[in-house]
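Comments concern the structure below.
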Amino acid sequence: MTRRMLAAGLTAAIAVAAPAAAAVTKPTVTTGGASRVTQTSATLTGKVNPNGAKTTYFFQYGTSKLYGATTGPTDAGAGTNAKTATADLTGLAPFTKYHYRIVGQNEKGTTFGGDRTFTTKRQPLGFSLAANPNPTTWGTGATLSGQLTGTGNAGRTVKLQQRAFPFTTNFVDVGNPLVTDANGNFGFAVPLLSVTTQFRVMTVGTPRATSPIVIEGVAVRVGARVNHRRVHRGGRVRFSGHVTPANDGALFAVQRLKNGQWVTVQGGSLKHENTTMSRYRKTLHVRHFGKYRVFVGVNNQNTSGISREIRIRKRG
């Protein structure tokens with residue numbers, strides 16, 4: 001065998017043995033635990049694999065799965081091995097349950113880690129706060145209720161503050177202060193909400209305590225009507241209505257309840273009606289009888305809304 005033949009054979013063997021280059025994909029991320037948790041701070045951890053493309057990561061966190069806050073983006077490089085990711089949080093409310101997850105981004109897409117929680121340490125005074133209902137519907141109200149815990153929590157004066165979307169202004173007082181009951185409980189009624197709003201409760205006087213921020217979603221109001229409630233199978237039914245406030249171009253879907261789940265039948269986008277509302281119209285050939293509704297997807301100063309349920313029955 002000649003030297004040239006040996007070299008060719010060796011080259012072919014190397015080519016066969018060489019592994020194929022890994023495909024570049026969106027990052028792989030894993031939400032880790034929270035460490036060094038204090039009354040007002042914590043360190044979030046996780047793993048991020050860039051999978052061959054330049055990647056950044058950050059953490060989302062807040063007092064619910066709406067999160068509402070993020071850490072700054074951090075460079076994770078462009079390697080193919082998992083790296084440890086961390087972020088330090090400060091300014092947290094004491095004795096408060098926080099949700100968080102890691103998010104990785106590269107040119108191939110965005111990956112969200114699983115939701116995890118931690119609770120900050122207790123202080124002599126601390127708040128719990130919740131909104132009900134959440135979300136509420138445009139033009140209606142909600143109740144902000146909770147409890148002041150710790151020594152001296154009974155008979156304390158507390159006040160409610162709010163900050164409307166996009167949350168760039170300072171908090172302002174809402175209504176009149178209240179006095180907590182013997183167990184530190186309180187409740188504030190807030191009428192006529194029109195945009196998604198942050199709320200918090202503070203003690204008046206010293207010692208000072210501030211609740212976690214609660215984000216009260218305000219869903220668009222979705223009206224729905226049909227021209228027929230009883231039709232033959234395959235008959236035409238027109239769904240129409242208005243959505244308040246106006247969200248021209250937002251997507252809507254006519255949905256049917258199937259085996260306990262709402263499934264989309266048909267959809268479209270909202271049209272302009274006037275400065276305060278949008279409209280929609282969709283005609284279906286009804287092949288299945290039962291409950292229907294209209295879902296409108298929104299993610300701005302309002303959240304997605306759902307109409308009342310309408311039952312379509314068989315005619316005759």
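Ordered as shown in the structure tokens, chains take letters A, B, and onward, while each chain numbers its residues from 1 and ligands are numbered from 1 in the order shown.
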
Please, which residues of segment 57-253 of chain A, numbered as in this document, come out strand (DSSP E) from DSSP, as JSON, numbers by chain? {"A": [57, 58, 59, 60, 61, 62, 69, 70, 74, 75, 76, 77, 83, 84, 85, 86, 87, 88, 89, 97, 98, 99, 100, 101, 102, 103, 104, 105, 106, 109, 110, 111, 112, 116, 117, 118, 119, 125, 126, 127, 128, 129, 130, 131, 132, 136, 137, 142, 143, 144, 145, 146, 147, 148, 149, 150, 157, 158, 159, 160, 161, 162, 163, 164, 172, 173, 174, 175, 176, 177, 178, 179, 185, 186, 187, 188, 189, 190, 197, 198, 199, 200, 201, 202, 203, 214, 215, 216, 218, 219, 221, 222, 225, 226, 230, 231, 235, 236, 237, 238, 239, 240, 241, 242, 243, 244, 251, 252, 253]}

Please, could you write that set of residues out with C-alpha atoms as a tab-separated table (two decimals), in the first residue's frame?
chain	number	residue	atom	x	y	z
A	57	TYR	CA	-30.27	35.44	31.03
A	58	PHE	CA	-32.29	37.24	33.69
A	59	PHE	CA	-34.73	36.36	36.45
A	60	GLN	CA	-38.38	37.36	36.72
A	61	TYR	CA	-39.77	37.73	40.23
A	62	GLY	CA	-42.75	39.07	42.15
A	69	ALA	CA	-40.06	42.70	38.14
A	70	THR	CA	-36.87	41.48	36.48
A	74	THR	CA	-26.35	38.86	32.27
A	75	ASP	CA	-24.09	37.45	29.53
A	76	ALA	CA	-23.93	33.65	29.53
A	77	GLY	CA	-21.58	33.34	26.54
A	83	LYS	CA	-23.30	27.48	33.49
A	84	THR	CA	-24.33	28.61	36.94
A	85	ALA	CA	-26.57	31.69	36.92
A	86	THR	CA	-27.14	33.97	39.91
A	87	ALA	CA	-28.82	37.27	40.70
A	88	ASP	CA	-29.04	39.25	43.93
A	89	LEU	CA	-32.39	40.76	44.90
A	97	LYS	CA	-43.74	34.73	49.44
A	98	TYR	CA	-42.07	35.51	46.10
A	99	HIS	CA	-42.33	33.62	42.80
A	100	TYR	CA	-39.37	33.60	40.44
A	101	ARG	CA	-37.99	31.91	37.35
A	102	ILE	CA	-34.95	32.17	35.09
A	103	VAL	CA	-35.30	33.27	31.45
A	104	GLY	CA	-32.67	32.62	28.73
A	105	GLN	CA	-32.56	34.37	25.36
A	106	ASN	CA	-30.50	33.97	22.20
A	109	GLY	CA	-35.50	32.05	20.89
A	110	THR	CA	-36.47	32.44	24.54
A	111	THR	CA	-36.73	29.72	27.18
A	112	PHE	CA	-38.52	30.07	30.52
A	116	ARG	CA	-40.15	28.43	42.16
A	117	THR	CA	-40.83	30.30	45.37
A	118	PHE	CA	-39.13	31.52	48.50
A	119	THR	CA	-40.33	33.47	51.52
A	125	LEU	CA	-44.18	43.89	61.66
A	126	GLY	CA	-45.03	42.46	58.26
A	127	PHE	CA	-47.93	42.40	55.81
A	128	SER	CA	-49.82	39.92	53.76
A	129	LEU	CA	-51.97	41.40	50.99
A	130	ALA	CA	-54.27	39.99	48.32
A	131	ALA	CA	-56.76	41.33	45.79
A	132	ASN	CA	-60.18	39.81	45.14
A	136	THR	CA	-61.39	42.25	37.83
A	137	THR	CA	-63.36	43.49	34.82
A	142	ALA	CA	-61.87	44.95	43.88
A	143	THR	CA	-61.16	44.47	47.56
A	144	LEU	CA	-57.60	44.67	48.89
A	145	SER	CA	-57.41	42.74	52.12
A	146	GLY	CA	-54.69	41.31	54.29
A	147	GLN	CA	-53.12	41.10	57.69
A	148	LEU	CA	-50.49	43.01	59.60
A	149	THR	CA	-48.42	40.50	61.58
A	150	GLY	CA	-45.92	40.92	64.40
A	157	THR	CA	-53.57	52.55	61.42
A	158	VAL	CA	-52.79	51.49	57.87
A	159	LYS	CA	-53.29	53.16	54.49
A	160	LEU	CA	-53.69	51.90	50.93
A	161	GLN	CA	-51.60	53.22	48.03
A	162	GLN	CA	-51.80	52.60	44.30
A	163	ARG	CA	-49.78	53.08	41.12
A	164	ALA	CA	-51.40	52.59	37.70
A	172	VAL	CA	-50.43	57.73	45.85
A	173	ASP	CA	-52.82	57.27	48.77
A	174	VAL	CA	-56.27	55.81	48.06
A	175	GLY	CA	-59.29	56.58	50.23
A	176	ASN	CA	-59.13	56.86	54.01
A	177	PRO	CA	-56.81	54.99	56.40
A	178	LEU	CA	-58.20	52.03	58.36
A	179	VAL	CA	-57.45	50.54	61.77
A	185	ASN	CA	-56.78	42.18	59.64
A	186	PHE	CA	-57.94	44.96	57.30
A	187	GLY	CA	-59.81	45.41	54.01
A	188	PHE	CA	-60.00	48.26	51.48
A	189	ALA	CA	-62.69	48.50	48.78
A	190	VAL	CA	-61.50	50.05	45.51
A	197	THR	CA	-52.81	48.72	38.93
A	198	GLN	CA	-50.24	48.02	41.63
A	199	PHE	CA	-51.35	48.28	45.26
A	200	ARG	CA	-49.55	48.27	48.57
A	201	VAL	CA	-50.46	48.94	52.21
A	202	MET	CA	-48.34	50.90	54.71
A	203	THR	CA	-48.52	51.52	58.42
A	214	VAL	CA	-50.04	43.28	44.56
A	215	ILE	CA	-50.78	43.65	40.85
A	216	GLU	CA	-54.52	43.87	40.23
A	218	VAL	CA	-58.09	44.72	34.94
A	219	ALA	CA	-59.55	42.61	32.14
A	221	ARG	CA	-65.01	43.98	29.17
A	222	VAL	CA	-66.25	41.66	26.42
A	225	ARG	CA	-74.62	38.35	21.59
A	226	VAL	CA	-75.85	35.94	18.93
A	230	ARG	CA	-81.50	27.53	18.40
A	231	VAL	CA	-80.36	26.26	15.02
A	235	GLY	CA	-76.77	26.29	10.85
A	236	ARG	CA	-75.21	29.74	10.85
A	237	VAL	CA	-74.87	31.71	14.07
A	238	ARG	CA	-73.37	35.20	14.16
A	239	PHE	CA	-71.40	36.20	17.26
A	240	SER	CA	-70.86	39.93	17.73
A	241	GLY	CA	-70.18	42.46	20.43
A	242	HIS	CA	-68.04	45.28	21.75
A	243	VAL	CA	-64.83	45.29	23.79
A	244	THR	CA	-64.09	48.07	26.29
A	251	LEU	CA	-57.17	38.97	18.61
A	252	PHE	CA	-60.45	37.38	19.64
A	253	ALA	CA	-61.59	33.76	19.58

Per residue of segment 81-165 of chain A within 9 Å of segment 282-304 of chain A, what are the shortest atom pair and its distance in Å to one decimal, counting only C-alpha atoms, with rows by chain and residue number, as CSV?
residue,atom,partner,partner_atom,distance
A:Pro135,CA,A:Thr303,CA,7.8
A:Trp138,CA,A:Asn302,CA,8.2
A:Ala164,CA,A:Gln301,CA,8.6
A:Phe165,CA,A:Gln301,CA,5.7

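Computed from the coordinates, the atom CA of Asp115 of chain A to atom CA of Val220 of chain A distance equals 26.7 Å.
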
Need to verify the contact set: Ser41 of chain A, 6 Å, only C-alpha atoms, exclusion of same-chain residues closer than 4 positions in sequence. Can you return it as a list of chain:residue names? A:Val37, A:Leu89, A:Thr90, A:Leu92

Requested write-out: C-alpha atoms of the selected residues, as an mmCIF file, in the first residue's frame:
data_model
loop_
_atom_site.group_PDB
_atom_site.id
_atom_site.type_symbol
_atom_site.label_atom_id
_atom_site.label_comp_id
_atom_site.auth_asym_id
_atom_site.auth_seq_id
_atom_site.Cartn_x
_atom_site.Cartn_y
_atom_site.Cartn_z
ATOM 1 C CA VAL A 37 -32.638 34.806 52.120
ATOM 2 C CA LEU A 89 -32.388 40.765 44.897
ATOM 3 C CA THR A 90 -32.745 43.679 47.298
ATOM 4 C CA LEU A 92 -37.933 42.910 49.096
#

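Atom CA of Thr140 of chain A to atom CA of Ser278 of chain A spans 18.8 Å [interatomic distance, one decimal].
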
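If you measure from each of A:Gly79, A:Pro124, A:Ala93, A:Gly316 to Arg229 of chain A using only C-alpha atoms, the closest one turns out to be A:Gly316.
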
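For Ala53 of chain A, the set of protein, DNA and RNA residues having any atom at most 8 Å away, when counting only C-alpha atoms and skipping those fewer than 4 positions along the same chain, is Val24, Thr25, Lys26, Pro27, Gly77, Ala78, Gly79, Asn106, Glu107 and Lys108 of chain A.
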